[in-house]
Amino acid sequence: MSAGRLAQAGLVALCALPALLSVGRLWLGVADPADYLTRQSGWWALTWLIATLTVSPLAVLLHAPRLIAFRRTLGLTAFAYASAHLSVYVAQVAPTPSVLLDDLVGSPYIVAGFAAWLMLLPLAVTSSKYWMKRLGRSWARLHRLVYPALMLGCLHYLWLTKSDYREPALLTAIATLLLAWRIWRWQRRHRAGSVT
Amino acid sequence: MLIRLNDETAPAPSEITPEALWRSRRDFMRTAAAGALALWLPPALGAPLKASPGPFRASDKPNTFDEITHYNNFYEFGSGKEDPAQYAGRLTVRPWTLSVGGHVQQPLTLDYDALFRIAPLEERIYRLRCVEGWSMVIPWVGFELAALLKKAQPTSKGRFVQFVTLERPAQMPGQQTGLLPWPYREGLRIDEAMHPLTLLAVGLYGQTLPAQNGAPIRLVVPWKYGFKSIKSIVAINLVEHQPTTTWQSVNPREYGFFANVNPEVDHPRWSQANERRIGEFGRRPTLPFNGYAAQVASLYRGLDLKRWI
């Protein structure tokens with residue numbers, strides 16, 4: 001097995017770890033499974049999404065373009081945790097669909113979270129090499145959806161927090177930094193382009 | 001009437017608590033013992049309390065002892081739901097002093113043992129609805145707040161009742177942070193405080209309160225959102241003007257003084273139309289005044305409940 005493949009396998013194991021630990025904890029017993037699953041899956045979905053977006057800056061800053069190979073695994077992991085998060089919610093409202101209407105009207109953070117998941121969905125579907133080739137230049141344009149998805153994810157987390165903003169504020173600050181770095185780079189490239 | 005500590009002649013918990021509840025606690029203790037490997041902190045077992053079945057026994061199935069003691073909002077021990085269960089064991093409740101003062105004819109200072117002798121203890125099964133959208137059903141042991149207030153004899157200037165929680169950062173790690181302005185404060189209008197539903201709880205499931213549930217004495221106002229039911233009370237003051245409460249001072253737009261459970265009025269950021277019972281996955285409709293409208297709606301006649309949250 002090449003070093004690259006070994007690293008990929010290690011990353012996949014790392015990505016699965018929080019899910020395995022959560023299931024273990026659930027099996028040992030938690031006071032309220034629905035709340036535990038919701039919090040764990042949601043927190044990790046946002047964290048993996050942030051991890052996905054740290055790959056490019058790290059590759060540039062460390063002059064290590066091979067790091068980009070890990071981005072897809074991280075992104076798909078974020079989508080998997082987000083889908084688990086959504087599934088726990090759907091399981092809650094499915095028996096009484098009128099509740100969904102109450103939530104959509106009265107709980108805007110749920111709308112924000114659902115919109116974020118909807119944006120990640122086409123990115124997960126088109127994450128394969130096949131779709132990269134097939135979409136060509138549009139692939140990169142489509143995958144810019146990850147930025148609004150990240151912003152909506154942060155908004156979702158901030159919006160539902162009652163008063164202890166320490167964790168959502170930290171994640172939002174990191175996300176903002178990652179987006180700011182990209183804007184800074186685009187502007188620089190744009191300016192450089194217009195001069196020549 | 002008395003709490004008897006370490007007394008072999010004390011009644012067995014099965015004589016006090018309904019059989020089914022008692023069994024569920026036995027089951028829990030067995031699971032807790034089996035789950036020691038599970039990093040699951042076994043709850044500190046309280047002293048048994050002698051209580052007679054009181055009125056207002058909700059027909060809903062009570063939550064289990066481990067649900068009630070491991071899913072708590074008690075920011076004095078941290079903002080996580082399992083923080084209180086993890087950290088509240090440090091709290092020493094003996095000795096304890098509860099003072100009753102302000103506009104009363106008879107100020108009182110009560111020590112730990114006196115808390116259990118204010119009035120005969122009753123068991124009442126109340127629904128508890130948190131402003132966050134979840135609910136529980138809890139078999140409390142306690143007595144009406146009115147019994148204590150009558151002993152203190154409020155004067156005509158005692159129009160509101162203010163409650164204050166213990167402030168002891170050395171044992172309450174949440175108080176070492178700026179999560180909330182400490183100490184936690186709550187308040188009721190005098191007619192709400194004198195209402196027969198308003199309980200001072202000293203126990204649950206037939207034993208003294210676990211620290212994470214507000215030991216040694218807490219308020220229970222079942223028709224209001226849970227944050228009104230202040231825990232670990234050290235002071236009760238009769239005051240002339242409506243006191244400012246902690247959540248009101250933090251965010252007056254979101255948390256009002258009355259905080260009556262009302263499915264018609266959403267929290268500014270989330271729906272209050274339904275709730276999730278702890279331990280369940282689905283949702284159930286939230287009832288006006290948490291199902292106690294027949295008892296308390298008359299207290300708010302003429303008050304615009306959309307405005308006075």
# chains A, B, ... in the order shown; residues from 1 in each chain; ligands from 1
>>> interface_residues(of="chain B", to="chain A", cutoff="7 Å", atoms="only C-alpha atoms", output="PyMOL selection string")
chain B and resi 38+66-67+70-71+79+179+266+269-271+273+278-279+281-283
>>> write_last_selection(atoms="C-alpha atoms", output="mmCIF file, in the first residue's frame")
data_model
loop_
_atom_site.group_PDB
_atom_site.id
_atom_site.type_symbol
_atom_site.label_atom_id
_atom_site.label_comp_id
_atom_site.auth_asym_id
_atom_site.auth_seq_id
_atom_site.Cartn_x
_atom_site.Cartn_y
_atom_site.Cartn_z
ATOM 1 C CA ALA B 38 -20.567 2.678 31.441
ATOM 2 C CA ASP B 66 -32.113 8.673 35.551
ATOM 3 C CA GLU B 67 -33.770 10.906 32.937
ATOM 4 C CA HIS B 70 -29.165 13.347 34.011
ATOM 5 C CA TYR B 71 -30.856 15.861 31.727
ATOM 6 C CA SER B 79 -24.565 24.863 30.287
ATOM 7 C CA LEU B 179 -22.678 32.511 31.577
ATOM 8 C CA ASP B 266 -43.511 31.483 19.896
ATOM 9 C CA ARG B 269 -36.282 32.158 17.557
ATOM 10 C CA TRP B 270 -38.279 28.934 17.799
ATOM 11 C CA SER B 271 -41.779 27.538 17.806
ATOM 12 C CA ALA B 273 -46.409 24.959 19.505
ATOM 13 C CA ILE B 278 -37.541 13.482 27.288
ATOM 14 C CA GLY B 279 -36.898 9.848 26.366
ATOM 15 C CA PHE B 281 -38.411 10.799 19.754
ATOM 16 C CA GLY B 282 -41.658 12.309 18.506
ATOM 17 C CA ARG B 283 -43.324 15.566 19.463
#
>>> select_by_dssp(residues="segment 57-186 of chain B", states="alpha helix (DSSP H)", output="list in words")
Phe65, Asp66, Glu67, Ile68, Thr69, His70, Asp83, Pro84, Ala85, Gln86, Tyr87, Tyr112, Asp113, Ala114, Leu115, Leu145, Ala146, Ala147, Leu148, Leu149, Lys150, Lys151 and Ala152 of chain B
>>> write_last_selection(atoms="N, CA, C and O atoms", output="JSON list (two decimals), in the first residue's frame")
[["chain", "number", "residue", "atom", "x", "y", "z"],
["B", 65, "PHE", "N", -36.08, 8.00, 36.86],
["B", 65, "PHE", "CA", -35.19, 8.72, 37.78],
["B", 65, "PHE", "C", -33.91, 9.15, 37.07],
["B", 65, "PHE", "O", -33.41, 10.25, 37.27],
["B", 66, "ASP", "N", -33.38, 8.28, 36.21],
["B", 66, "ASP", "CA", -32.11, 8.67, 35.55],
["B", 66, "ASP", "C", -32.33, 9.76, 34.51],
["B", 66, "ASP", "O", -31.47, 10.60, 34.30],
["B", 67, "GLU", "N", -33.49, 9.79, 33.86],
["B", 67, "GLU", "CA", -33.77, 10.91, 32.94],
["B", 67, "GLU", "C", -33.84, 12.21, 33.72],
["B", 67, "GLU", "O", -33.25, 13.23, 33.32],
["B", 68, "ILE", "N", -34.57, 12.17, 34.84],
["B", 68, "ILE", "CA", -34.78, 13.40, 35.63],
["B", 68, "ILE", "C", -33.46, 13.90, 36.23],
["B", 68, "ILE", "O", -33.27, 15.10, 36.41],
["B", 69, "THR", "N", -32.54, 12.98, 36.50],
["B", 69, "THR", "CA", -31.30, 13.38, 37.18],
["B", 69, "THR", "C", -30.11, 13.52, 36.24],
["B", 69, "THR", "O", -29.02, 13.87, 36.68],
["B", 70, "HIS", "N", -30.29, 13.24, 34.94],
["B", 70, "HIS", "CA", -29.16, 13.35, 34.01],
["B", 70, "HIS", "C", -29.43, 14.24, 32.82],
["B", 70, "HIS", "O", -28.65, 14.28, 31.88],
["B", 83, "ASP", "N", -23.90, 18.35, 32.44],
["B", 83, "ASP", "CA", -22.97, 18.99, 33.37],
["B", 83, "ASP", "C", -23.45, 18.94, 34.82],
["B", 83, "ASP", "O", -22.66, 18.62, 35.72],
["B", 84, "PRO", "N", -24.73, 19.26, 35.09],
["B", 84, "PRO", "CA", -25.17, 19.22, 36.49],
["B", 84, "PRO", "C", -24.98, 17.83, 37.11],
["B", 84, "PRO", "O", -24.47, 17.72, 38.22],
["B", 85, "ALA", "N", -25.33, 16.77, 36.37],
["B", 85, "ALA", "CA", -25.16, 15.42, 36.92],
["B", 85, "ALA", "C", -23.68, 15.15, 37.20],
["B", 85, "ALA", "O", -23.33, 14.49, 38.17],
["B", 86, "GLN", "N", -22.82, 15.73, 36.36],
["B", 86, "GLN", "CA", -21.39, 15.46, 36.52],
["B", 86, "GLN", "C", -20.77, 16.26, 37.67],
["B", 86, "GLN", "O", -19.90, 15.76, 38.36],
["B", 87, "TYR", "N", -21.21, 17.51, 37.84],
["B", 87, "TYR", "CA", -20.51, 18.39, 38.78],
["B", 87, "TYR", "C", -21.25, 18.69, 40.08],
["B", 87, "TYR", "O", -20.65, 19.21, 41.02],
["B", 112, "TYR", "N", -31.26, 23.44, 57.55],
["B", 112, "TYR", "CA", -31.55, 22.30, 56.67],
["B", 112, "TYR", "C", -32.73, 21.48, 57.18],
["B", 112, "TYR", "O", -33.68, 21.22, 56.45],
["B", 113, "ASP", "N", -32.67, 21.06, 58.44],
["B", 113, "ASP", "CA", -33.72, 20.18, 58.95],
["B", 113, "ASP", "C", -35.08, 20.87, 58.97],
["B", 113, "ASP", "O", -36.10, 20.22, 58.73],
["B", 114, "ALA", "N", -35.06, 22.18, 59.19],
["B", 114, "ALA", "CA", -36.33, 22.91, 59.27],
["B", 114, "ALA", "C", -37.04, 22.94, 57.91],
["B", 114, "ALA", "O", -38.27, 23.06, 57.86],
["B", 115, "LEU", "N", -36.28, 22.80, 56.81],
["B", 115, "LEU", "CA", -36.91, 22.85, 55.48],
["B", 115, "LEU", "C", -37.93, 21.74, 55.31],
["B", 115, "LEU", "O", -38.88, 21.87, 54.55],
["B", 145, "LEU", "N", -45.87, 26.53, 48.55],
["B", 145, "LEU", "CA", -45.15, 27.75, 48.95],
["B", 145, "LEU", "C", -46.02, 28.58, 49.89],
["B", 145, "LEU", "O", -45.53, 29.22, 50.82],
["B", 146, "ALA", "N", -47.34, 28.53, 49.64],
["B", 146, "ALA", "CA", -48.27, 29.30, 50.47],
["B", 146, "ALA", "C", -48.11, 28.97, 51.95],
["B", 146, "ALA", "O", -48.24, 29.85, 52.81],
["B", 147, "ALA", "N", -47.81, 27.70, 52.27],
["B", 147, "ALA", "CA", -47.67, 27.30, 53.68],
["B", 147, "ALA", "C", -46.54, 28.07, 54.35],
["B", 147, "ALA", "O", -46.66, 28.51, 55.50],
["B", 148, "LEU", "N", -45.43, 28.22, 53.60],
["B", 148, "LEU", "CA", -44.30, 28.97, 54.16],
["B", 148, "LEU", "C", -44.62, 30.46, 54.26],
["B", 148, "LEU", "O", -44.35, 31.11, 55.28],
["B", 149, "LEU", "N", -45.23, 30.99, 53.18],
["B", 149, "LEU", "CA", -45.53, 32.43, 53.18],
["B", 149, "LEU", "C", -46.51, 32.80, 54.30],
["B", 149, "LEU", "O", -46.37, 33.85, 54.92],
["B", 150, "LYS", "N", -47.45, 31.90, 54.56],
["B", 150, "LYS", "CA", -48.42, 32.19, 55.63],
["B", 150, "LYS", "C", -47.72, 32.29, 56.98],
["B", 150, "LYS", "O", -48.10, 33.09, 57.84],
["B", 151, "LYS", "N", -46.67, 31.48, 57.17],
["B", 151, "LYS", "CA", -45.91, 31.58, 58.42],
["B", 151, "LYS", "C", -45.19, 32.90, 58.54],
["B", 151, "LYS", "O", -45.04, 33.45, 59.63],
["B", 152, "ALA", "N", -44.72, 33.41, 57.39],
["B", 152, "ALA", "CA", -43.98, 34.68, 57.41],
["B", 152, "ALA", "C", -44.92, 35.88, 57.43],
["B", 152, "ALA", "O", -44.50, 36.99, 57.78]]
>>> residues_around(residues="Pro122 of chain A", least_positions_apart="3", cutoff="10 Å", atoms="only C-alpha atoms", output="PDB file with N, CA, C and O atoms, in the first residue's frame")
ATOM      1  N   TRP A 117     -28.068  21.809   4.149  1.00  0.00           N
ATOM      2  CA  TRP A 117     -27.983  20.408   3.710  1.00  0.00           C
ATOM      3  C   TRP A 117     -28.310  20.278   2.225  1.00  0.00           C
ATOM      4  O   TRP A 117     -27.649  19.549   1.484  1.00  0.00           O
ATOM      5  N   LEU A 118     -29.340  21.038   1.775  1.00  0.00           N
ATOM      6  CA  LEU A 118     -29.726  20.988   0.365  1.00  0.00           C
ATOM      7  C   LEU A 118     -28.573  21.437  -0.538  1.00  0.00           C
ATOM      8  O   LEU A 118     -28.421  20.942  -1.647  1.00  0.00           O
ATOM      9  N   MET A 119     -27.765  22.387  -0.064  1.00  0.00           N
ATOM     10  CA  MET A 119     -26.626  22.861  -0.861  1.00  0.00           C
ATOM     11  C   MET A 119     -25.521  21.820  -0.905  1.00  0.00           C
ATOM     12  O   MET A 119     -24.802  21.708  -1.895  1.00  0.00           O
ATOM     13  N   VAL A 125     -23.160  14.418  -4.476  1.00  0.00           N
ATOM     14  CA  VAL A 125     -23.486  13.618  -5.656  1.00  0.00           C
ATOM     15  C   VAL A 125     -22.403  13.752  -6.720  1.00  0.00           C
ATOM     16  O   VAL A 125     -22.015  12.783  -7.364  1.00  0.00           O
ATOM     17  N   THR A 126     -21.872  14.958  -6.892  1.00  0.00           N
ATOM     18  CA  THR A 126     -20.900  15.206  -7.968  1.00  0.00           C
ATOM     19  C   THR A 126     -19.462  15.161  -7.470  1.00  0.00           C
ATOM     20  O   THR A 126     -18.569  15.761  -8.070  1.00  0.00           O
ATOM     21  N   SER A 127     -19.224  14.431  -6.377  1.00  0.00           N
ATOM     22  CA  SER A 127     -17.871  14.448  -5.827  1.00  0.00           C
ATOM     23  C   SER A 127     -16.933  13.468  -6.527  1.00  0.00           C
ATOM     24  O   SER A 127     -15.723  13.509  -6.308  1.00  0.00           O
ATOM     25  N   LEU A 142     -19.886  24.995  -9.388  1.00  0.00           N
ATOM     26  CA  LEU A 142     -20.940  24.360  -8.587  1.00  0.00           C
ATOM     27  C   LEU A 142     -20.470  24.187  -7.140  1.00  0.00           C
ATOM     28  O   LEU A 142     -21.210  24.457  -6.189  1.00  0.00           O
ATOM     29  N   HIS A 143     -19.218  23.776  -6.998  1.00  0.00           N
ATOM     30  CA  HIS A 143     -18.738  23.448  -5.648  1.00  0.00           C
ATOM     31  C   HIS A 143     -18.459  24.672  -4.786  1.00  0.00           C
ATOM     32  O   HIS A 143     -18.161  24.531  -3.600  1.00  0.00           O
ATOM     33  N   LEU A 145     -20.793  26.281  -3.859  1.00  0.00           N
ATOM     34  CA  LEU A 145     -21.953  26.222  -2.952  1.00  0.00           C
ATOM     35  C   LEU A 145     -21.538  25.884  -1.523  1.00  0.00           C
ATOM     36  O   LEU A 145     -22.281  26.118  -0.580  1.00  0.00           O
TER      37      LEU A 145
END
>>> residues_around(residues="Glu264 of chain B", least_positions_apart="3", cutoff="10 Å", atoms="only C-alpha atoms", output="list in words")
Val261, His267, Ser271, Gln272, Ala273, Thr286, Leu287, Pro288, Leu305 and Lys306 of chain B
>>> closest_residue(among="A:His85, A:Ala16, A:Pro57, A:Ala69", to="Trp184 of chain A", atoms="only C-alpha atoms")
A:Pro57
>>> closest_residue(among="B:Lys81, B:His103, B:Arg301, B:Arg129", to="Val220 of chain B", atoms="only C-alpha atoms")
B:Arg129
>>> atom_distance(atom1="atom CA of Phe258 of chain B", atom2="atom CA of Glu192 of chain B")
9.7 Å
>>> residues_around(residues="Gln207 of chain B", least_positions_apart="5", cutoff="6 Å", atoms="only C-alpha atoms", output="tab-separated table (two decimals) with all heavy atoms, in the first residue's frame")
chain	number	residue	atom	x	y	z
B	46	GLY	N	-30.50	9.75	47.73
B	46	GLY	CA	-30.96	10.66	48.76
B	46	GLY	C	-31.55	9.90	49.92
B	46	GLY	O	-31.69	8.68	49.89
B	47	ALA	N	-31.89	10.64	50.97
B	47	ALA	CA	-32.54	10.03	52.11
B	47	ALA	C	-34.02	9.88	51.79
B	47	ALA	O	-34.61	10.74	51.15
B	47	ALA	CB	-32.34	10.91	53.34
B	48	PRO	N	-34.63	8.77	52.22
B	48	PRO	CA	-36.07	8.60	51.95
B	48	PRO	C	-36.89	9.66	52.68
B	48	PRO	O	-36.53	10.08	53.78
B	48	PRO	CB	-36.37	7.19	52.47
B	48	PRO	CG	-35.24	6.82	53.35
B	48	PRO	CD	-34.04	7.61	52.91
B	49	LEU	N	-37.96	10.09	52.06
B	49	LEU	CA	-38.83	11.10	52.65
B	49	LEU	C	-40.22	10.50	52.83
B	49	LEU	O	-40.69	9.77	51.97
B	49	LEU	CB	-38.94	12.32	51.72
B	49	LEU	CG	-37.72	13.21	51.57
B	49	LEU	CD1	-37.95	14.23	50.47
B	49	LEU	CD2	-37.41	13.91	52.88
>>> decode(residues="segment 209-220 of chain B", atoms="all heavy atoms", output="mmCIF file, in the first residue's frame")
data_model
loop_
_atom_site.group_PDB
_atom_site.id
_atom_site.type_symbol
_atom_site.label_atom_id
_atom_site.label_comp_id
_atom_site.auth_asym_id
_atom_site.auth_seq_id
_atom_site.Cartn_x
_atom_site.Cartn_y
_atom_site.Cartn_z
ATOM 1 N N LEU B 209 -33.931 15.686 47.279
ATOM 2 C CA LEU B 209 -33.533 16.102 45.930
ATOM 3 C C LEU B 209 -32.061 15.803 45.674
ATOM 4 O O LEU B 209 -31.206 16.133 46.490
ATOM 5 C CB LEU B 209 -33.706 17.617 45.786
ATOM 6 C CG LEU B 209 -35.090 18.194 45.542
ATOM 7 C CD1 LEU B 209 -34.975 19.717 45.510
ATOM 8 C CD2 LEU B 209 -35.690 17.677 44.257
ATOM 9 N N PRO B 210 -31.730 15.220 44.508
ATOM 10 C CA PRO B 210 -30.327 15.196 44.088
ATOM 11 C C PRO B 210 -29.874 16.646 43.850
ATOM 12 O O PRO B 210 -30.683 17.504 43.477
ATOM 13 C CB PRO B 210 -30.346 14.417 42.778
ATOM 14 C CG PRO B 210 -31.655 13.663 42.793
ATOM 15 C CD PRO B 210 -32.602 14.528 43.568
ATOM 16 N N ALA B 211 -28.580 16.908 44.066
ATOM 17 C CA ALA B 211 -28.090 18.282 43.942
ATOM 18 C C ALA B 211 -28.398 18.875 42.568
ATOM 19 O O ALA B 211 -28.745 20.052 42.451
ATOM 20 C CB ALA B 211 -26.591 18.328 44.220
ATOM 21 N N GLN B 212 -28.299 18.049 41.510
ATOM 22 C CA GLN B 212 -28.520 18.591 40.161
ATOM 23 C C GLN B 212 -29.962 19.010 39.920
ATOM 24 O O GLN B 212 -30.256 19.687 38.949
ATOM 25 C CB GLN B 212 -28.075 17.596 39.085
ATOM 26 C CG GLN B 212 -28.793 16.264 39.080
ATOM 27 C CD GLN B 212 -28.029 15.207 39.856
ATOM 28 O OE1 GLN B 212 -27.479 15.489 40.912
ATOM 29 N NE2 GLN B 212 -27.963 14.004 39.314
ATOM 30 N N ASN B 213 -30.868 18.591 40.783
ATOM 31 C CA ASN B 213 -32.260 18.997 40.646
ATOM 32 C C ASN B 213 -32.635 20.150 41.577
ATOM 33 O O ASN B 213 -33.807 20.510 41.683
ATOM 34 C CB ASN B 213 -33.185 17.805 40.885
ATOM 35 C CG ASN B 213 -33.006 16.722 39.835
ATOM 36 O OD1 ASN B 213 -32.179 15.819 40.015
ATOM 37 N ND2 ASN B 213 -33.705 16.825 38.732
ATOM 38 N N GLY B 214 -31.621 20.731 42.261
ATOM 39 C CA GLY B 214 -31.901 21.927 43.046
ATOM 40 C C GLY B 214 -31.935 21.725 44.548
ATOM 41 O O GLY B 214 -32.653 22.435 45.255
ATOM 42 N N ALA B 215 -31.169 20.757 45.036
ATOM 43 C CA ALA B 215 -31.139 20.503 46.486
ATOM 44 C C ALA B 215 -30.678 21.745 47.238
ATOM 45 O O ALA B 215 -29.909 22.533 46.705
ATOM 46 C CB ALA B 215 -30.182 19.334 46.778
ATOM 47 N N PRO B 216 -31.114 21.915 48.472
ATOM 48 C CA PRO B 216 -32.081 21.060 49.168
ATOM 49 C C PRO B 216 -33.529 21.500 48.955
ATOM 50 O O PRO B 216 -34.437 20.744 49.267
ATOM 51 C CB PRO B 216 -31.699 21.252 50.639
ATOM 52 C CG PRO B 216 -31.215 22.665 50.695
ATOM 53 C CD PRO B 216 -30.548 22.946 49.378
ATOM 54 N N ILE B 217 -33.723 22.697 48.406
ATOM 55 C CA ILE B 217 -35.112 23.177 48.253
ATOM 56 C C ILE B 217 -35.211 24.023 46.990
ATOM 57 O O ILE B 217 -34.341 24.855 46.714
ATOM 58 C CB ILE B 217 -35.584 23.951 49.512
ATOM 59 C CG1 ILE B 217 -37.080 24.241 49.439
ATOM 60 C CG2 ILE B 217 -34.768 25.236 49.711
ATOM 61 C CD1 ILE B 217 -37.698 24.627 50.772
ATOM 62 N N ARG B 218 -36.250 23.783 46.221
ATOM 63 C CA ARG B 218 -36.442 24.500 44.961
ATOM 64 C C ARG B 218 -37.914 24.819 44.754
ATOM 65 O O ARG B 218 -38.786 24.236 45.382
ATOM 66 C CB ARG B 218 -35.956 23.660 43.788
ATOM 67 C CG ARG B 218 -36.785 22.403 43.611
ATOM 68 C CD ARG B 218 -36.518 21.728 42.298
ATOM 69 N NE ARG B 218 -36.993 22.505 41.181
ATOM 70 C CZ ARG B 218 -36.603 22.281 39.915
ATOM 71 N NH1 ARG B 218 -35.748 21.324 39.638
ATOM 72 N NH2 ARG B 218 -37.086 23.013 38.945
ATOM 73 N N LEU B 219 -38.147 25.743 43.834
ATOM 74 C CA LEU B 219 -39.507 26.128 43.478
ATOM 75 C C LEU B 219 -39.982 25.264 42.310
ATOM 76 O O LEU B 219 -39.169 24.868 41.466
ATOM 77 C CB LEU B 219 -39.492 27.605 43.077
ATOM 78 C CG LEU B 219 -40.820 28.279 42.758
ATOM 79 C CD1 LEU B 219 -41.655 28.434 44.023
ATOM 80 C CD2 LEU B 219 -40.583 29.648 42.130
ATOM 81 N N VAL B 220 -41.276 24.953 42.275
ATOM 82 C CA VAL B 220 -41.856 24.302 41.100
ATOM 83 C C VAL B 220 -43.160 25.015 40.752
ATOM 84 O O VAL B 220 -44.102 25.018 41.537
ATOM 85 C CB VAL B 220 -42.136 22.801 41.339
ATOM 86 C CG1 VAL B 220 -42.654 22.159 40.047
ATOM 87 C CG2 VAL B 220 -40.893 22.071 41.819
#
